[in-house]
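Visitor: My questions all concern the structure below.
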Amino acid sequence: MSEPGLDRTAAATRAAELRALIDDYDHHYYVLDDPRVPDVEYDRRLRELQAIETDYPDLVTPDSPTQRVGGTPLDAFEEVRHETPMLSLGNAFSEEEVREFDRRVREGLEVAQVVYAAEPKLDGVAISLAYENGRLVRAATRGDGASGENVTENVRTIAAIPLRLRGEGWPARLEVRGEIYMPLAGFEAFNAAARNAGERTLVNPRNAAAGSLRQLDPKMTAARPLAFFAYSVATRDGVPDHQLATLERLRDWGFPVNPEVTTVRGVDGLLAYYAAIGEKRAGLGYDIDGVVYKVDAFDDQETLGFVSRAPRWALAHKFPAQEEITRLLAIDVQVGRTGAITPVARLEPVFVGGVTVTNATLHNEDEIRRKDARPGDWVVVRRAGDVIPEVARVLVERREGELAPFEMPAECPVCGSAVERDEDQAVARCTGGLVCPAQVKQRIGHFASRKALDIEGLGDKLVQQLVDTGLVGTVADLFRLDADQLTELERMGEKSASNLVNAIGRSRTPELGRLLFALGIREVGEVTAANLARHFRSLEALREADIEALEAVDDVGPVVAAHVRAFFDEPHNIEVLEALRDAGVRYQVPEDTSGPQPLAGQTWVLTGTLGMPRIKAKNLLQSLGAKVSGSVSGKTSVLLAGENAGSKRDKAEKLGVEIMEEDAFQALLREHGLA
Ligand code: D41
């Protein structure tokens, strides 16, 4: 209880004191790992503050420690665009790949040895935390890197994350990135309590962290023992110019930073760090799946830039996957969205890397032959992080008696169409594209999925019913469904039916990129789809594009270009596109937000020694829209010639290609604000 007779002014002063004290206790506990007071004392202070705030509700501040669980349950999470995209990380599984990474970095920076920051790689959920004037204003999941979900109310309940920044010198706007995870002790304790209460237990710490953040009711998240480590900042304002120094600064500002972060020199330093953390792994108290290396100097990071969405200056070096032995019960085949037939191993259930595995991929027919996998064999199952479990090898020496080898079926097990396999291709395919219910269902499921048209409530079970009852044969049929037809389906009430009709209605105006991804063109993932949309800006223009025009798009090579062309050359696909249009589907083309692209359509070639690392010049040119190629040809627009330019210059002169010297290049950069 608050002291009786505490007047408003005294209450305000005391509340401020208590908030500072409790923040301090949290900081000592979570950041310094050095608890200052026993739990009873902490609780006493928190209750005293709560009592004052009950007496004087207008004194409550949003960043008061009593307000961590203030939010009301949501209906859905709002989408947040990341102003600075959340990049992804390249992976290495071997020493060789790490050496290759270091070699590329040294070449890019033109130095003999590189200083790296190294840190453990947590197996949790990546998050971005925005602070304005020192206060936490937004927390968003990584999502696809370009946009994620607003999970602010849930994140506020995590005591390790500061609601306001400590210390001084922080910029007015700060965006901190890091990993939310569940410590093993908390995971065990939560499950022990759940078992006692006869409630559901959490499967593993990673799923537990992800699932906890996805709760619509912040009270559910608050009950989960989550923690956080910061690993980067979105922008360089107000922070030191090196990775390790920045993390130390973040620690001063109140963020937990992994105590294992350090700097190392050269590839030998990287490998020694990997070995040292591997030794410590079991005693860390949280799951990690490897370590992360980052070039320490931010200027060097900028010089190196990134490819697709992965920085050239960072690498995740993964620990070997976890393996277990179990029995192969049977080999079934599954038909994928594009007809690919994948053999699947049915296994005696086995616990690998934190989950129970009953199915694993056998990839393709050749793999099965190579491994000589036969139903009845003992096999090694491997699971690496998030990837699909696979049968790594067969313990042929443990085989007892005769076992029959696997035969790939000649007909699709779902539709009976012929199974075809090209000479030079590992994958067998069902040829029943438009008639095979397995392919039809998966195409529709993909069309409705989150990263495609995001039709809420249209899950696999429902798609199955819609196709089996004949209500839906192509994706266009979805837009003609009415609530009366839907209520005829099993387990479909009037309310769900009208919800689904509404959800379908809301997806009638997708962004072009999402629509292209939703169509399920082979090898066209969400990034490629977005690139195609940005480049062509209309379905008609894309439909007309020839191979050469397609290959001019970022990330599109000959294979993807051929798949896109083949898709639009297939009359049935055009019919579906027309049916979508007739059903009222209208795609949107977002504003072009990339900077001016004055060099769009030009191909540049670099030669000789420039006043900056070549990779930097390449990044700058690409940011202005140019393509950068390795050799001079008739298609070259400009040859950028540094000192001691040799044969490329001769060739350019012969072909009459424009040659630009370094001074003119610098002037061009200045003109566009890049130097
Ligand atoms: O511990 C991690 N899981 C971790 C993830 C880490 N320590 N550092 C990371 N650094 C980055 C960059 C280099 C892009 C800033 C990351 C991740 N990214 C990351 N997490 C999920 C996707 C990428």
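Letters for chains follow the order of the structure tokens (A, B, ...), residue numbers begin at 1 for each chain, and ligand numbers begin at 1 in the order shown.
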Could I get the residue neighbourhood of ligand 1 at 7 Å, counting only C-alpha atoms and all ligand atoms, as a list of chain:residue names?
Guide: A:Met86, A:Leu87, A:Ser88, A:Leu89, A:Glu119, A:Pro120, A:Lys121, A:Leu122, A:Asp123, A:Gly124, A:Ala126, A:Gly178, A:Glu179, A:Tyr231, A:Ser232, A:Val292, A:Lys294, A:Ala310, A:Pro311, A:Ala314
Visitor: Using only C-alpha atoms, which residues sit within 10 Å of Val37 of chain A once same-chain residues fewer than 5 positions away are excluded, as a PyMOL selection string?
Guide: chain A and resi 25+28-29+42
Visitor: Can I get the selected residues back with all heavy atoms, as a PDB file, in the first residue's frame?
Guide:
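Output file out-v3.pdb follows:
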```
ATOM      1  N   TYR A  25      17.005  -2.464 -11.083  1.00  0.00           N
ATOM      2  CA  TYR A  25      16.998  -3.884 -10.710  1.00  0.00           C
ATOM      3  C   TYR A  25      16.950  -4.751 -11.977  1.00  0.00           C
ATOM      4  O   TYR A  25      17.680  -5.730 -12.094  1.00  0.00           O
ATOM      5  CB  TYR A  25      15.783  -4.227  -9.830  1.00  0.00           C
ATOM      6  CG  TYR A  25      15.791  -3.613  -8.443  1.00  0.00           C
ATOM      7  CD1 TYR A  25      14.605  -3.546  -7.707  1.00  0.00           C
ATOM      8  CD2 TYR A  25      16.957  -3.125  -7.855  1.00  0.00           C
ATOM      9  CE1 TYR A  25      14.581  -2.998  -6.428  1.00  0.00           C
ATOM     10  CE2 TYR A  25      16.941  -2.574  -6.581  1.00  0.00           C
ATOM     11  CZ  TYR A  25      15.751  -2.508  -5.869  1.00  0.00           C
ATOM     12  OH  TYR A  25      15.725  -1.975  -4.623  1.00  0.00           O
ATOM     13  N   HIS A  28      20.335  -4.705 -13.743  1.00  0.00           N
ATOM     14  CA  HIS A  28      21.323  -5.557 -13.069  1.00  0.00           C
ATOM     15  C   HIS A  28      21.033  -7.027 -13.323  1.00  0.00           C
ATOM     16  O   HIS A  28      21.933  -7.827 -13.507  1.00  0.00           O
ATOM     17  CB  HIS A  28      21.343  -5.266 -11.564  1.00  0.00           C
ATOM     18  CG  HIS A  28      22.276  -4.142 -11.243  1.00  0.00           C
ATOM     19  ND1 HIS A  28      23.552  -4.342 -10.809  1.00  0.00           N
ATOM     20  CD2 HIS A  28      22.107  -2.804 -11.343  1.00  0.00           C
ATOM     21  CE1 HIS A  28      24.149  -3.170 -10.646  1.00  0.00           C
ATOM     22  NE2 HIS A  28      23.290  -2.219 -10.958  1.00  0.00           N
ATOM     23  N   TYR A  29      19.764  -7.362 -13.347  1.00  0.00           N
ATOM     24  CA  TYR A  29      19.382  -8.760 -13.511  1.00  0.00           C
ATOM     25  C   TYR A  29      19.622  -9.229 -14.945  1.00  0.00           C
ATOM     26  O   TYR A  29      20.269 -10.245 -15.176  1.00  0.00           O
ATOM     27  CB  TYR A  29      17.902  -8.910 -13.136  1.00  0.00           C
ATOM     28  CG  TYR A  29      17.433 -10.340 -13.063  1.00  0.00           C
ATOM     29  CD1 TYR A  29      17.498 -11.051 -11.868  1.00  0.00           C
ATOM     30  CD2 TYR A  29      16.928 -10.992 -14.188  1.00  0.00           C
ATOM     31  CE1 TYR A  29      17.079 -12.366 -11.794  1.00  0.00           C
ATOM     32  CE2 TYR A  29      16.510 -12.297 -14.133  1.00  0.00           C
ATOM     33  CZ  TYR A  29      16.581 -12.987 -12.937  1.00  0.00           C
ATOM     34  OH  TYR A  29      16.170 -14.286 -12.873  1.00  0.00           O
ATOM     35  N   TYR A  42      12.205  -6.861  -4.798  1.00  0.00           N
ATOM     36  CA  TYR A  42      11.756  -6.403  -6.111  1.00  0.00           C
ATOM     37  C   TYR A  42      10.228  -6.331  -6.130  1.00  0.00           C
ATOM     38  O   TYR A  42       9.638  -5.314  -6.504  1.00  0.00           O
ATOM     39  CB  TYR A  42      12.267  -7.374  -7.180  1.00  0.00           C
ATOM     40  CG  TYR A  42      11.917  -6.987  -8.597  1.00  0.00           C
ATOM     41  CD1 TYR A  42      12.817  -6.282  -9.385  1.00  0.00           C
ATOM     42  CD2 TYR A  42      10.679  -7.333  -9.149  1.00  0.00           C
ATOM     43  CE1 TYR A  42      12.506  -5.939 -10.687  1.00  0.00           C
ATOM     44  CE2 TYR A  42      10.353  -6.983 -10.444  1.00  0.00           C
ATOM     45  CZ  TYR A  42      11.265  -6.284 -11.213  1.00  0.00           C
ATOM     46  OH  TYR A  42      10.941  -5.940 -12.503  1.00  0.00           O
TER      47      TYR A  42
END
```
Visitor: Segment 330-339 of chain A: which residues within 8 Å, counting only C-alpha atoms, same-chain residues fewer than 2 positions away excluded, as an MDAnalysis selection string?
Guide: chainID A and resid 328 341:347 374:376 406 412:414 429:433 438:443 522
Visitor: I'd like the contact shell of segment 274-277 of chain A - 9 Å cut-off, only C-alpha atoms, skipping same-chain residues fewer than 5 positions apart - returned as a list in words.
Guide: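 Selected residues are Ala118, Glu119, Pro120, Glu260, Gly269, Gly290, Val291, His317 and Phe319 of chain A.
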Visitor: Quick one: write out the picked residues with N, CA, C and O atoms as a short mmCIF file (atom, residue, chain, number, x, y, z; two decimals), in the first residue's frame?
Guide:
```
data_model
loop_
_atom_site.label_atom_id
_atom_site.label_comp_id
_atom_site.auth_asym_id
_atom_site.auth_seq_id
_atom_site.Cartn_x
_atom_site.Cartn_y
_atom_site.Cartn_z
N ALA A 118 32.75 -11.52 -33.67
CA ALA A 118 32.18 -12.87 -33.69
C ALA A 118 31.23 -13.02 -32.51
O ALA A 118 31.47 -12.47 -31.44
N GLU A 119 30.13 -13.73 -32.74
CA GLU A 119 29.13 -13.90 -31.67
C GLU A 119 28.41 -15.23 -31.86
O GLU A 119 28.37 -15.77 -32.97
N PRO A 120 27.85 -15.78 -30.79
CA PRO A 120 27.07 -17.01 -30.94
C PRO A 120 25.83 -16.73 -31.79
O PRO A 120 25.32 -15.61 -31.79
N GLU A 260 29.54 -13.38 -24.90
CA GLU A 260 30.55 -14.08 -25.70
C GLU A 260 31.00 -13.29 -26.92
O GLU A 260 31.86 -13.76 -27.67
N GLY A 269 41.45 -16.79 -36.57
CA GLY A 269 40.69 -16.29 -35.43
C GLY A 269 39.24 -16.78 -35.49
O GLY A 269 38.66 -17.16 -34.47
N GLY A 290 25.05 -22.16 -34.12
CA GLY A 290 26.32 -21.86 -34.78
C GLY A 290 26.86 -20.54 -34.25
O GLY A 290 26.46 -20.11 -33.16
N VAL A 291 27.76 -19.93 -35.02
CA VAL A 291 28.27 -18.61 -34.65
C VAL A 291 28.12 -17.69 -35.87
O VAL A 291 27.93 -18.17 -36.98
N HIS A 317 28.22 -19.46 -39.39
CA HIS A 317 28.96 -20.73 -39.47
C HIS A 317 28.22 -21.71 -38.56
O HIS A 317 28.23 -21.57 -37.35
N PHE A 319 26.82 -25.18 -36.72
CA PHE A 319 27.30 -26.43 -36.15
C PHE A 319 26.72 -27.58 -36.97
O PHE A 319 25.65 -27.43 -37.57
#
```
Visitor: Could you check which of A:Val98, A:Ala583, A:Gly457, A:Arg81 is closest to Asp268 of chain A, using only C-alpha atoms?
Guide: A:Val98
Visitor: Rounded to one decimal in Å, what is the spacing between atom CA of Leu453 of chain A and atom CA of Ala530 of chain A?
Guide: 13.4 Å
Visitor: Find the residue from A:Arg309, A:Ser631, A:Asp287, A:Gly211 that sits nearest to Lys651 of chain A; use only C-alpha atoms when measuring.
Guide: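 Between A:Arg309, A:Ser631, A:Asp287, A:Gly211, the residue approaching Lys651 of chain A most closely is A:Ser631.
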Visitor: Could you pull the residues within 8 Å of Asn204 of chain A, counting only C-alpha atoms, minus those fewer than 3 positions along the same chain, as a PDB file with C-alpha atoms, in the first residue's frame?
Guide:
```
ATOM      1  CA  PHE A 187      11.687 -23.667 -20.968  1.00  0.00           C
ATOM      2  CA  ASN A 207       9.223 -22.874 -31.378  1.00  0.00           C
ATOM      3  CA  ALA A 208       8.348 -21.682 -27.900  1.00  0.00           C
ATOM      4  CA  GLY A 354      14.453 -31.104 -30.147  1.00  0.00           C
ATOM      5  CA  VAL A 355      11.551 -32.500 -32.188  1.00  0.00           C
TER       6      VAL A 355
END
```
Visitor: With only C-alpha atoms as the counted atoms, please give the residues lying no more than 10 Å from Phe479 of chain A, apart from itself and same-chain residues fewer than 4 positions off, as a list in words.
Guide: Val472, Val475, Val501, Ile504, Gly505, Ser507, Arg508, Ala579, Leu580, Asp582, Ala583, Gly584 and Val585 of chain A
Visitor: Identify which of the residues A:Tyr181, A:Phe447, A:Tyr116, A:Tyr286 lies closest to Gly266 of chain A, counting only C-alpha atoms when measuring atom-to-atom distances.
Guide: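 Using only C-alpha atoms, Gly266 of chain A sits closest to A:Tyr116.
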Visitor: In Å to one decimal, how far is atom CA of Val435 of chain A from atom CA of Leu577 of chain A?
Guide: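 About the pair atom CA of Leu577 of chain A and atom CA of Val435 of chain A: they are 17.7 Å apart.
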Visitor: So that I can check the surroundings of Val381 of chain A, please list as a PDB file with C-alpha atoms, in the first residue's frame every protein, DNA and RNA residue that reaches within 6 Å of it, counting only C-alpha atoms and ignoring chain neighbours fewer than 6 positions away.
Guide:
```pdb
ATOM      1  CA  GLU A 323      21.644 -36.960 -36.092  1.00  0.00           C
ATOM      2  CA  GLU A 324      19.813 -40.016 -34.767  1.00  0.00           C
ATOM      3  CA  GLU A 390      16.532 -35.973 -44.248  1.00  0.00           C
ATOM      4  CA  VAL A 391      17.771 -39.535 -44.355  1.00  0.00           C
ATOM      5  CA  ALA A 392      21.520 -38.897 -44.233  1.00  0.00           C
TER       6      ALA A 392
END
```
Visitor: Which residue is closest to Pro389 of chain A? Choose from A:Ala321, A:Ala426, A:Leu32, A:Leu216 and count only C-alpha atoms.
Guide: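 Result for the nearest residue to Pro389 of chain A: A:Ala321.
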Visitor: Hey, which bits of segment 532-623 of chain A sit within 10 Å of segment 513-521 of chain A, and for each residue what's the closest pair of atoms and how far apart in Å (one decimal), counting only C-alpha atoms, rows by chain and increasing number, as JSON lines?
Guide:
```
{"residue": "A:Leu532", "atom": "CA", "partner": "A:Gly513", "partner_atom": "CA", "distance": 7.2}
{"residue": "A:Ala533", "atom": "CA", "partner": "A:Gly513", "partner_atom": "CA", "distance": 5.0}
{"residue": "A:Arg534", "atom": "CA", "partner": "A:Gly513", "partner_atom": "CA", "distance": 7.7}
{"residue": "A:Arg537", "atom": "CA", "partner": "A:Gly513", "partner_atom": "CA", "distance": 9.0}
{"residue": "A:Ser538", "atom": "CA", "partner": "A:Gly513", "partner_atom": "CA", "distance": 9.8}
{"residue": "A:Leu539", "atom": "CA", "partner": "A:Leu516", "partner_atom": "CA", "distance": 8.6}
{"residue": "A:Val560", "atom": "CA", "partner": "A:Ile521", "partner_atom": "CA", "distance": 9.0}
{"residue": "A:His563", "atom": "CA", "partner": "A:Ile521", "partner_atom": "CA", "distance": 6.8}
{"residue": "A:Val564", "atom": "CA", "partner": "A:Ile521", "partner_atom": "CA", "distance": 6.5}
{"residue": "A:Arg565", "atom": "CA", "partner": "A:Ile521", "partner_atom": "CA", "distance": 9.7}
{"residue": "A:Ala566", "atom": "CA", "partner": "A:Ile521", "partner_atom": "CA", "distance": 9.0}
{"residue": "A:Phe567", "atom": "CA", "partner": "A:Ile521", "partner_atom": "CA", "distance": 6.5}
{"residue": "A:Phe568", "atom": "CA", "partner": "A:Ile521", "partner_atom": "CA", "distance": 9.4}
{"residue": "A:Asn573", "atom": "CA", "partner": "A:Leu519", "partner_atom": "CA", "distance": 9.1}
{"residue": "A:Val576", "atom": "CA", "partner": "A:Leu519", "partner_atom": "CA", "distance": 9.7}
{"residue": "A:Leu577", "atom": "CA", "partner": "A:Leu519", "partner_atom": "CA", "distance": 9.1}
{"residue": "A:Val585", "atom": "CA", "partner": "A:Leu515", "partner_atom": "CA", "distance": 9.8}
{"residue": "A:Arg586", "atom": "CA", "partner": "A:Leu515", "partner_atom": "CA", "distance": 9.7}
{"residue": "A:Tyr587", "atom": "CA", "partner": "A:Leu515", "partner_atom": "CA", "distance": 7.2}
{"residue": "A:Gln588", "atom": "CA", "partner": "A:Gly513", "partner_atom": "CA", "distance": 8.8}
{"residue": "A:Val589", "atom": "CA", "partner": "A:Gly513", "partner_atom": "CA", "distance": 8.3}
{"residue": "A:Pro590", "atom": "CA", "partner": "A:Gly513", "partner_atom": "CA", "distance": 9.4}
```
Visitor: Quick check for you: according to DSSP on this backbone, which residues of segment 289-487 of chain A are classed as strand (DSSP E)? Reply as a ChimeraX atom specification.
Guide: /A:289-295,306-307,310-311,314-318,322-335,340-352,355-361,378-383,390-394,419-420,428-430
Visitor: How far is it from atom CA of Ser637 of chain A to atom CA of Thr603 of chain A, in Å with one decimal?
Guide: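 So the two atoms, atom CA of Ser637 of chain A and atom CA of Thr603 of chain A, lie 5.1 Å apart.
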Visitor: Mind listing the alpha helix (DSSP H) residues of segment 523-573 of chain A, per DSSP on the backbone, as an MDAnalysis selection string?
Guide: chainID A and resid 526:536 539:544 547:551 558:569 571:573
Visitor: From the set A:Phe77, A:Ser308, A:Val257, A:Asn91, which residue has the shortest atom-to-atom contact distance to Arg214 of chain A, counting only C-alpha atoms?
Guide: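 Among the listed residues, the smallest separation from Arg214 of chain A belongs to A:Phe77.
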Visitor: Any chance you could tabulate, as CSV, the residues of segment 366-467 of chain A at most 12 Å from segment 485-491 of chain A with each one's nearest atom pair and distance in Å to one decimal, using only C-alpha atoms, in chain and rising number order?
Guide:
```
residue,atom,partner,partner_atom,distance
A:Leu458,CA,A:Leu486,CA,11.8
A:Lys461,CA,A:Glu490,CA,10.6
A:Leu462,CA,A:Leu489,CA,8.9
A:Val463,CA,A:Leu489,CA,11.2
A:Gln464,CA,A:Leu489,CA,11.0
A:Gln465,CA,A:Leu489,CA,7.4
A:Leu466,CA,A:Leu489,CA,8.2
A:Val467,CA,A:Leu489,CA,11.4
```
